[in-house]
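Okay, input28.txt is below, compact mmCIF, C-alpha atoms:
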```txt
# COMPACT_ATOMS: atom_id res chain seq x y z
CA MET A 112 -0.33 230.92 239.38
CA GLY A 113 -3.10 233.23 238.30
CA SER A 114 -2.90 235.43 235.26
CA ALA A 115 -1.79 239.03 235.57
CA ALA A 116 -4.31 241.81 236.06
CA PRO A 117 -5.07 243.79 232.88
CA GLY A 118 -2.80 246.69 233.90
CA PHE A 119 0.10 244.39 234.59
CA ALA A 120 -0.53 242.48 231.38
CA GLU A 121 -0.11 245.70 229.41
CA MET A 122 2.97 246.60 231.43
CA LYS A 123 4.47 243.19 230.69
CA LYS A 124 3.89 243.70 226.97
CA GLY A 125 5.73 246.99 227.22
CA MET A 126 8.61 245.41 229.15
CA LYS A 127 8.96 242.65 226.59
CA ALA A 128 8.98 245.20 223.78
CA ALA A 129 11.64 247.22 225.61
CA TRP A 130 13.98 244.25 226.04
CA MET A 131 13.45 243.19 222.43
CA ALA A 132 14.24 246.68 221.14
CA GLY A 133 17.78 247.42 220.03
CA ASP A 134 20.15 244.46 220.19
CA PHE A 135 21.29 243.56 223.70
CA GLY A 136 23.63 240.98 222.23
CA GLN A 137 25.90 243.84 221.11
CA ILE A 138 26.30 244.88 224.74
CA ALA A 139 26.45 241.37 226.19
CA ARG A 140 29.46 240.40 224.10
CA HIS A 141 31.53 243.05 225.89
CA ASN A 142 31.04 241.41 229.28
CA GLN A 143 30.83 237.67 228.67
CA TRP A 144 33.50 236.82 231.22
CA ARG A 145 31.46 238.49 233.99
CA GLY A 146 28.84 235.80 233.50
CA GLU A 147 31.54 233.15 233.69
CA ASP A 148 32.79 234.68 236.94
CA PHE A 149 29.29 234.61 238.48
CA VAL A 150 28.68 231.00 237.42
CA SER A 151 32.07 229.89 238.79
CA ARG A 152 30.80 230.50 242.34
CA LEU A 153 27.69 228.32 242.00
CA GLY A 154 29.42 224.97 242.53
CA LEU A 155 27.87 223.39 239.45
CA LYS A 156 28.56 219.73 238.71
CA PRO A 157 27.77 217.40 235.81
CA GLY A 158 24.16 216.30 235.79
CA MET A 159 22.83 219.09 238.00
CA ARG A 160 19.55 220.55 236.76
CA VAL A 161 20.08 224.29 236.42
CA LEU A 162 17.72 227.16 235.51
CA ASP A 163 18.98 230.54 234.25
CA VAL A 164 16.18 233.10 234.63
CA GLY A 165 16.49 236.16 232.41
CA CYS A 166 19.17 234.33 230.43
CA GLY A 167 19.43 236.97 227.71
CA THR A 168 21.87 235.89 225.01
CA GLY A 169 23.35 233.10 227.13
CA ASN A 170 26.23 234.75 229.01
CA GLN A 171 25.42 232.65 232.08
CA SER A 172 23.77 229.62 230.47
CA ILE A 173 26.76 228.78 228.28
CA PRO A 174 29.44 228.63 231.02
CA ALA A 175 26.99 226.67 233.17
CA ALA A 176 26.55 224.09 230.41
CA ARG A 177 30.32 223.79 230.01
CA THR A 178 30.42 222.27 233.51
CA GLY A 179 28.28 219.37 232.32
CA ALA A 180 25.16 220.64 234.08
CA ASP A 181 21.74 220.16 232.48
CA VAL A 182 20.89 223.80 231.73
CA THR A 183 17.59 225.51 230.89
CA GLY A 184 17.48 229.22 230.06
CA VAL A 185 14.31 231.31 230.18
CA ASP A 186 13.72 234.91 229.06
CA ILE A 187 10.79 237.11 228.03
CA ALA A 188 12.59 238.41 224.92
CA THR A 189 12.19 236.16 221.88
CA ASN A 190 15.12 237.64 219.98
CA LEU A 191 17.52 237.18 222.90
CA ILE A 192 16.47 233.54 223.25
CA GLU A 193 17.21 233.06 219.55
CA GLN A 194 20.70 234.54 219.94
CA ALA A 195 21.38 232.35 222.98
CA ARG A 196 20.25 229.24 221.14
CA LYS A 197 22.54 230.05 218.20
CA ARG A 198 25.53 230.63 220.49
CA ALA A 199 24.95 227.31 222.25
CA GLU A 200 24.70 225.46 218.93
CA GLU A 201 27.95 227.02 217.76
CA GLU A 202 29.67 225.63 220.85
CA GLY A 203 27.98 222.26 220.55
CA LEU A 204 26.22 222.69 223.89
CA LYS A 205 22.81 221.20 224.58
CA ILE A 206 20.87 223.92 226.39
CA ARG A 207 17.09 224.16 226.46
CA PHE A 208 15.96 227.76 225.90
CA VAL A 209 12.36 228.67 226.68
CA GLU A 210 10.43 231.91 226.36
CA GLY A 211 8.88 232.67 229.74
CA ASP A 212 8.27 235.02 232.64
CA ALA A 213 10.14 235.13 235.97
CA GLU A 214 6.83 235.80 237.72
CA GLN A 215 5.21 232.66 236.28
CA LEU A 216 7.91 230.14 235.45
CA PRO A 217 6.75 227.36 233.10
CA PHE A 218 8.26 224.57 235.19
CA GLY A 219 7.20 222.12 237.86
CA ALA A 220 7.82 222.32 241.60
CA ALA A 221 11.30 221.36 242.88
CA GLU A 222 12.49 220.77 239.32
CA PHE A 223 15.96 222.35 239.62
CA ASP A 224 19.02 221.94 241.83
CA VAL A 225 20.14 225.50 241.10
CA VAL A 226 18.05 228.51 240.05
CA TYR A 227 19.86 231.74 239.26
CA SER A 228 19.46 235.12 237.62
CA MET A 229 22.12 237.69 236.78
CA PHE A 230 20.61 241.17 236.30
CA GLY A 231 17.45 239.62 234.91
CA ALA A 232 14.63 238.73 237.31
CA MET A 233 15.29 241.91 239.32
CA PHE A 234 13.41 243.84 236.61
CA ALA A 235 10.14 241.94 236.98
CA PRO A 236 7.53 244.36 238.41
CA ARG A 237 6.22 242.02 241.14
CA PRO A 238 9.21 240.86 243.19
CA GLU A 239 7.09 238.85 245.61
CA LEU A 240 6.11 236.57 242.72
CA VAL A 241 9.72 236.23 241.59
CA ALA A 242 10.80 235.15 245.07
CA SER A 243 7.96 232.64 245.44
CA GLU A 244 8.55 231.21 241.96
CA PHE A 245 12.27 230.78 242.58
CA VAL A 246 11.54 228.90 245.80
CA ARG A 247 8.82 226.83 244.12
CA VAL A 248 10.95 225.50 241.26
CA CYS A 249 14.11 225.00 243.36
CA LYS A 250 14.61 221.73 245.20
CA PRO A 251 14.56 222.02 249.01
CA GLY A 252 18.15 222.56 250.06
CA GLY A 253 19.08 223.66 246.55
CA LEU A 254 20.66 226.96 245.60
CA ILE A 255 18.98 230.18 244.46
CA ALA A 256 21.50 232.76 243.25
CA MET A 257 21.05 236.31 242.02
CA ALA A 258 23.22 239.21 240.93
CA ASN A 259 21.34 242.48 241.45
CA TRP A 260 22.46 246.07 240.90
CA THR A 261 22.57 248.08 244.13
CA PRO A 262 20.73 251.43 244.41
CA GLY A 263 23.92 253.38 245.13
CA GLY A 264 26.14 251.71 242.55
CA PHE A 265 26.91 253.06 239.10
CA VAL A 266 24.18 251.15 237.25
CA GLY A 267 21.65 251.82 240.01
CA GLN A 268 22.34 255.53 239.69
CA MET A 269 22.10 255.29 235.90
CA PHE A 270 18.62 253.77 236.29
CA LYS A 271 17.75 256.61 238.67
CA ILE A 272 18.76 259.13 236.01
CA GLY A 273 16.53 257.37 233.51
CA SER A 274 13.56 257.34 235.90
CA THR A 275 13.82 261.08 236.51
CA HIS A 276 13.29 261.64 232.78
CA VAL A 277 10.85 258.75 232.17
CA PRO A 278 9.14 257.78 235.45
CA ALA A 279 8.20 254.16 236.08
CA PRO A 280 4.49 253.22 236.05
CA PRO A 281 2.69 253.91 239.34
CA GLY A 282 3.11 251.19 241.96
CA VAL A 283 6.25 249.66 240.44
CA GLN A 284 9.13 249.44 242.89
CA PRO A 285 12.68 250.27 241.76
CA PRO A 286 14.38 247.07 240.54
CA THR A 287 17.50 248.02 242.53
CA LEU A 288 15.69 247.21 245.79
CA TRP A 289 16.79 243.66 244.97
CA GLY A 290 20.29 245.04 245.64
CA GLU A 291 19.56 245.64 249.34
CA ASP A 292 20.30 242.80 251.75
CA ALA A 293 17.36 243.49 254.08
CA VAL A 294 14.90 243.62 251.18
CA VAL A 295 16.15 240.32 249.74
CA ARG A 296 15.76 238.61 253.12
CA GLN A 297 12.25 239.99 253.54
CA ARG A 298 11.20 238.87 250.07
CA PHE A 299 12.43 235.30 250.48
CA GLY A 300 11.09 235.00 254.01
CA PRO A 301 12.23 233.10 257.12
CA LYS A 302 12.21 229.66 255.51
CA VAL A 303 15.04 230.57 253.13
CA LYS A 304 18.62 230.91 254.36
CA VAL A 305 20.14 233.96 252.65
CA GLU A 306 23.77 235.01 252.30
CA THR A 307 24.83 238.11 250.40
CA ALA A 308 28.06 239.78 249.32
CA LYS A 309 28.72 243.01 247.49
CA ARG A 310 30.78 242.56 244.37
CA GLU A 311 32.16 244.67 241.55
CA PHE A 312 31.23 244.45 237.89
CA ILE A 313 33.63 246.14 235.47
CA ASN A 314 32.03 247.71 232.41
CA GLU A 315 34.66 248.08 229.72
CA PHE A 316 34.18 249.44 226.22
CA PRO A 317 36.86 250.27 223.62
CA PHE A 318 35.48 253.73 222.94
CA SER A 319 34.78 257.05 224.65
CA PRO A 320 32.02 257.74 227.23
CA GLU A 321 30.18 259.78 224.60
CA GLU A 322 30.21 256.78 222.25
CA VAL A 323 29.09 254.51 225.12
CA VAL A 324 25.99 256.65 225.64
CA GLU A 325 25.16 256.40 221.93
CA PHE A 326 25.95 252.68 221.99
CA PHE A 327 23.40 252.12 224.78
CA ARG A 328 20.92 254.41 223.08
CA GLN A 329 21.13 252.26 219.96
CA TYR A 330 21.40 248.75 221.42
CA PHE A 331 20.09 248.70 225.02
CA GLY A 332 16.34 248.32 224.63
CA PRO A 333 15.17 250.12 227.80
CA THR A 334 17.42 253.11 227.02
CA GLN A 335 16.29 253.18 223.42
CA ARG A 336 12.66 253.12 224.51
CA ALA A 337 13.25 255.88 227.06
CA PHE A 338 14.60 258.19 224.37
CA THR A 339 11.66 257.49 222.07
CA GLN A 340 9.23 258.61 224.80
CA LEU A 341 10.84 262.05 225.06
CA ASP A 342 10.65 265.11 222.84
CA GLU A 343 13.81 266.65 221.40
CA ALA A 344 14.55 268.75 224.47
CA GLY A 345 13.95 265.78 226.77
CA GLN A 346 16.25 263.56 224.72
CA LYS A 347 18.97 266.19 224.86
CA ALA A 348 18.65 266.46 228.63
CA LEU A 349 18.71 262.70 229.16
CA ARG A 350 21.73 262.32 226.93
CA ALA A 351 23.57 265.09 228.81
CA ASP A 352 22.88 263.48 232.19
CA LEU A 353 23.98 260.05 231.00
CA LEU A 354 27.14 261.45 229.44
CA GLN A 355 28.02 263.27 232.65
CA HIS A 356 27.48 260.06 234.63
CA TRP A 357 29.68 257.90 232.39
CA THR A 358 32.37 260.56 232.13
CA LYS A 359 32.50 261.18 235.88
CA HIS A 360 33.05 257.50 236.69
CA ASN A 361 35.32 256.60 233.78
CA GLU A 362 38.64 255.14 234.93
CA GLY A 363 39.87 254.66 231.38
CA ASP A 364 40.76 257.48 229.01
CA ALA A 365 39.20 259.50 226.19
CA ASN A 366 39.14 256.46 223.92
CA ARG A 367 38.45 253.69 226.43
CA THR A 368 35.66 253.58 228.97
CA VAL A 369 36.13 251.57 232.17
CA VAL A 370 33.49 251.92 234.87
CA LYS A 371 33.08 249.85 238.04
CA ALA A 372 29.53 249.02 239.12
CA GLU A 373 28.51 247.54 242.46
CA TYR A 374 26.07 244.65 242.68
CA LEU A 375 24.73 242.39 245.40
CA GLU A 376 25.35 238.68 244.96
CA VAL A 377 22.71 236.55 246.65
CA HIS A 378 23.00 232.86 247.56
CA ALA A 379 19.80 231.56 249.11
CA ARG A 380 18.78 228.05 250.12
CA PRO A 381 15.18 226.97 250.75
CA ASP A 382 14.91 224.89 253.91
CA LEU A 383 14.80 221.11 253.54
CA ARG A 384 11.23 219.99 254.06
```
Before anything else, please render the file you have as structure tokens.
Amino acid sequence: MGSAAPGFAEMKKGMKAAWMAGDFGQIARHNQWRGEDFVSRLGLKPGMRVLDVGCGTGNQSIPAARTGADVTGVDIATNLIEQARKRAEEEGLKIRFVEGDAEQLPFGAAEFDVVYSMFGAMFAPRPELVASEFVRVCKPGGLIAMANWTPGGFVGQMFKIGSTHVPAPPGVQPPTLWGEDAVVRQRFGPKVKVETAKREFINEFPFSPEEVVEFFRQYFGPTQRAFTQLDEAGQKALRADLLQHWTKHNEGDANRTVVKAEYLEVHARPDLR
């Protein structure tokens, strides 16, 4: 794979900085079982070679390793990799964690039986490279799995709110396009058999929607970075829009936030060659 053009190289630096800002581990600990649920549908068995792309703090890598699979996790954020490694050590799990990019995976061809990404690789700015890299490192007939936020779901709409206040760089497609069945099929191409299903992710926090907005502002790197790019009036407007969004969809109460978010689960298999 060739190196990124200068503009993309700068963009990648900014993306890495965004994901390293705050402390995503604070958010991830509230939804650990969602990663376990996703992994439970992958059919993992002892000895399988498995790659978790955009592994974050290990919410998917750890339950995968519990099955006896040989797990590797990769992420662009150094601090998240460190947290994942610590969590695995605490459980006595042998997981290899590597800093790397979904658009240029540091692995050989056909190295893994299963390649998956839960709300990770969908944020890479060049989706065609993500698709080709997933196919490259996955064994023919193996499984590629993704969980991607849909454009119309709660999280997709939250991203849309953010982009109205802080627009994405020119030429970058919305990450939620990975949440559309037709787009996923087009990106993987005719030589990959694709099956999709819409599923529900439950965001649950033991505090009010107003506190959730502040929680994300403090700990979710992309949100934190968005606020820092705005002046005082812009920050106030963004906060108001986010608060309205969380409040409108809250199925909990004033002291407990429960919001359902739609995502597209993808199971794709490269043809045997």
List every protein, DNA or RNA residue that has an atom no more than 8 Å from (24.6, 248.5, 241.9) in the file's coordinate frame, counting all atoms listed in the file, and report them as a CSV table (one decimal) with C-alpha atoms, in the frame of the given file.
```csv
chain,number,residue,atom,x,y,z
A,259,ASN,CA,21.3,242.5,241.4
A,260,TRP,CA,22.5,246.1,240.9
A,261,THR,CA,22.6,248.1,244.1
A,262,PRO,CA,20.7,251.4,244.4
A,263,GLY,CA,23.9,253.4,245.1
A,264,GLY,CA,26.1,251.7,242.6
A,265,PHE,CA,26.9,253.1,239.1
A,266,VAL,CA,24.2,251.2,237.2
A,267,GLY,CA,21.6,251.8,240.0
A,268,GLN,CA,22.3,255.5,239.7
A,287,THR,CA,17.5,248.0,242.5
A,290,GLY,CA,20.3,245.0,245.6
A,372,ALA,CA,29.5,249.0,239.1
A,373,GLU,CA,28.5,247.5,242.5
A,374,TYR,CA,26.1,244.6,242.7
A,375,LEU,CA,24.7,242.4,245.4
```
Against range 292-299 of chain A, which residues of range 194-246 of chain A fall within 10 Å? For each one I want the closest pair of atoms and the distance in Å (one decimal), counting only C-alpha atoms, rows by chain and increasing residue number, as JSON lines.
```
{"residue": "A:Pro238", "atom": "CA", "partner": "A:Arg298", "partner_atom": "CA", "distance": 7.4}
{"residue": "A:Glu239", "atom": "CA", "partner": "A:Arg298", "partner_atom": "CA", "distance": 6.1}
{"residue": "A:Leu240", "atom": "CA", "partner": "A:Arg298", "partner_atom": "CA", "distance": 9.2}
{"residue": "A:Val241", "atom": "CA", "partner": "A:Arg298", "partner_atom": "CA", "distance": 9.0}
{"residue": "A:Ala242", "atom": "CA", "partner": "A:Phe299", "partner_atom": "CA", "distance": 5.7}
{"residue": "A:Ser243", "atom": "CA", "partner": "A:Phe299", "partner_atom": "CA", "distance": 7.2}
{"residue": "A:Phe245", "atom": "CA", "partner": "A:Phe299", "partner_atom": "CA", "distance": 9.1}
{"residue": "A:Val246", "atom": "CA", "partner": "A:Phe299", "partner_atom": "CA", "distance": 8.0}
```
Contacts of range 254-369 of chain A with range 128-134 of chain A up to 9 Å, shortest pair per row, only C-alpha atoms, as JSON lines:
```
{"residue": "A:Phe327", "atom": "CA", "partner": "A:Gly133", "partner_atom": "CA", "distance": 8.7}
{"residue": "A:Arg328", "atom": "CA", "partner": "A:Gly133", "partner_atom": "CA", "distance": 8.2}
{"residue": "A:Gln329", "atom": "CA", "partner": "A:Gly133", "partner_atom": "CA", "distance": 5.9}
{"residue": "A:Tyr330", "atom": "CA", "partner": "A:Gly133", "partner_atom": "CA", "distance": 4.1}
{"residue": "A:Phe331", "atom": "CA", "partner": "A:Gly133", "partner_atom": "CA", "distance": 5.6}
{"residue": "A:Gly332", "atom": "CA", "partner": "A:Ala132", "partner_atom": "CA", "distance": 4.4}
{"residue": "A:Pro333", "atom": "CA", "partner": "A:Ala129", "partner_atom": "CA", "distance": 5.1}
{"residue": "A:Thr334", "atom": "CA", "partner": "A:Ala129", "partner_atom": "CA", "distance": 8.4}
{"residue": "A:Gln335", "atom": "CA", "partner": "A:Gly133", "partner_atom": "CA", "distance": 6.8}
{"residue": "A:Arg336", "atom": "CA", "partner": "A:Ala129", "partner_atom": "CA", "distance": 6.1}
{"residue": "A:Ala337", "atom": "CA", "partner": "A:Ala129", "partner_atom": "CA", "distance": 8.9}
```
Please return, as a PyMOL selection string, all polymer residues that have at least one atom within 12 Å of the point (9.8, 224.1, 233.5); use all atoms listed in the file and the file's own coordinate frame. chain A and resi 160-164+182-185+207-213+215-223+226+244-245+247-249
Using only C-alpha atoms, which residue out of A:Ile173, A:Ala232, A:Val305, A:Ala351 lies closest to Glu200 in chain A?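 When distances to Glu200 in chain A are compared using only C-alpha atoms, the smallest one comes from A:Ile173.
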Polymer residues at most 7 Å from Glu315 in chain A, all atoms listed in the file, same-chain spacing of 3 or more positions, as a list in words: Thr368, Val369 and Val370 of chain A
Just the number, please: distance in Å from CA of Asp224 in chain A to CA of Pro174 in chain A, one decimal.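 If I compute the distance from CA of Asp224 in chain A to CA of Pro174 in chain A, I get 16.4 Å.
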Rounded to one decimal, what separation in Å do you get between CA of Met257 in chain A and CA of Glu201 in chain A?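 About the pair CA of Met257 in chain A and CA of Glu201 in chain A: they are 26.9 Å apart.
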Quick one, how far is CA of Tyr227 in chain A from CA of Ala256 in chain A? 4.4 Å
With distances taken over all atoms listed in the file, which of A:Met159, A:Val303, A:Leu153, A:Val323 is nearest to His141 in chain A?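 For His141 in chain A, the nearest of the candidates is A:Val323.
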A:Val324, A:Leu349, A:Ala365, A:Ala235: which is nearest Gly125 in chain A, counting only C-alpha atoms?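 Nearest to Gly125 in chain A: A:Ala235.
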Nearest to Asn142 in chain A by atom-to-atom distance, counting all atoms listed in the file, from A:Ala195, A:Ala379, A:Ile313, A:Leu354: A:Ile313
Under the rule that only C-alpha atoms are counted, which of A:Lys371, A:Leu254, A:Ala199, A:Ala344 is the nearest residue to Glu311 in chain A?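 Going through A:Lys371, A:Leu254, A:Ala199, A:Ala344 one by one, the smallest distance to Glu311 in chain A is for A:Lys371.
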Using only C-alpha atoms, which residue out of A:Thr307, A:Gln340, A:Thr168, A:Asn314 lies closest to Ser274 in chain A?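 Checking each candidate against Ser274 in chain A, we get A:Gln340 as the closest.
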Each side padded by 3 Å, which centre and which edge lengths in Å (one decimal) define the axis-aligned box around the listed atoms of range 178-193 of chain A? Give them as JSON.
```
{"center_x": 20.6, "center_y": 228.9, "center_z": 226.8, "size_x": 25.6, "size_y": 25.0, "size_z": 20.5}
```
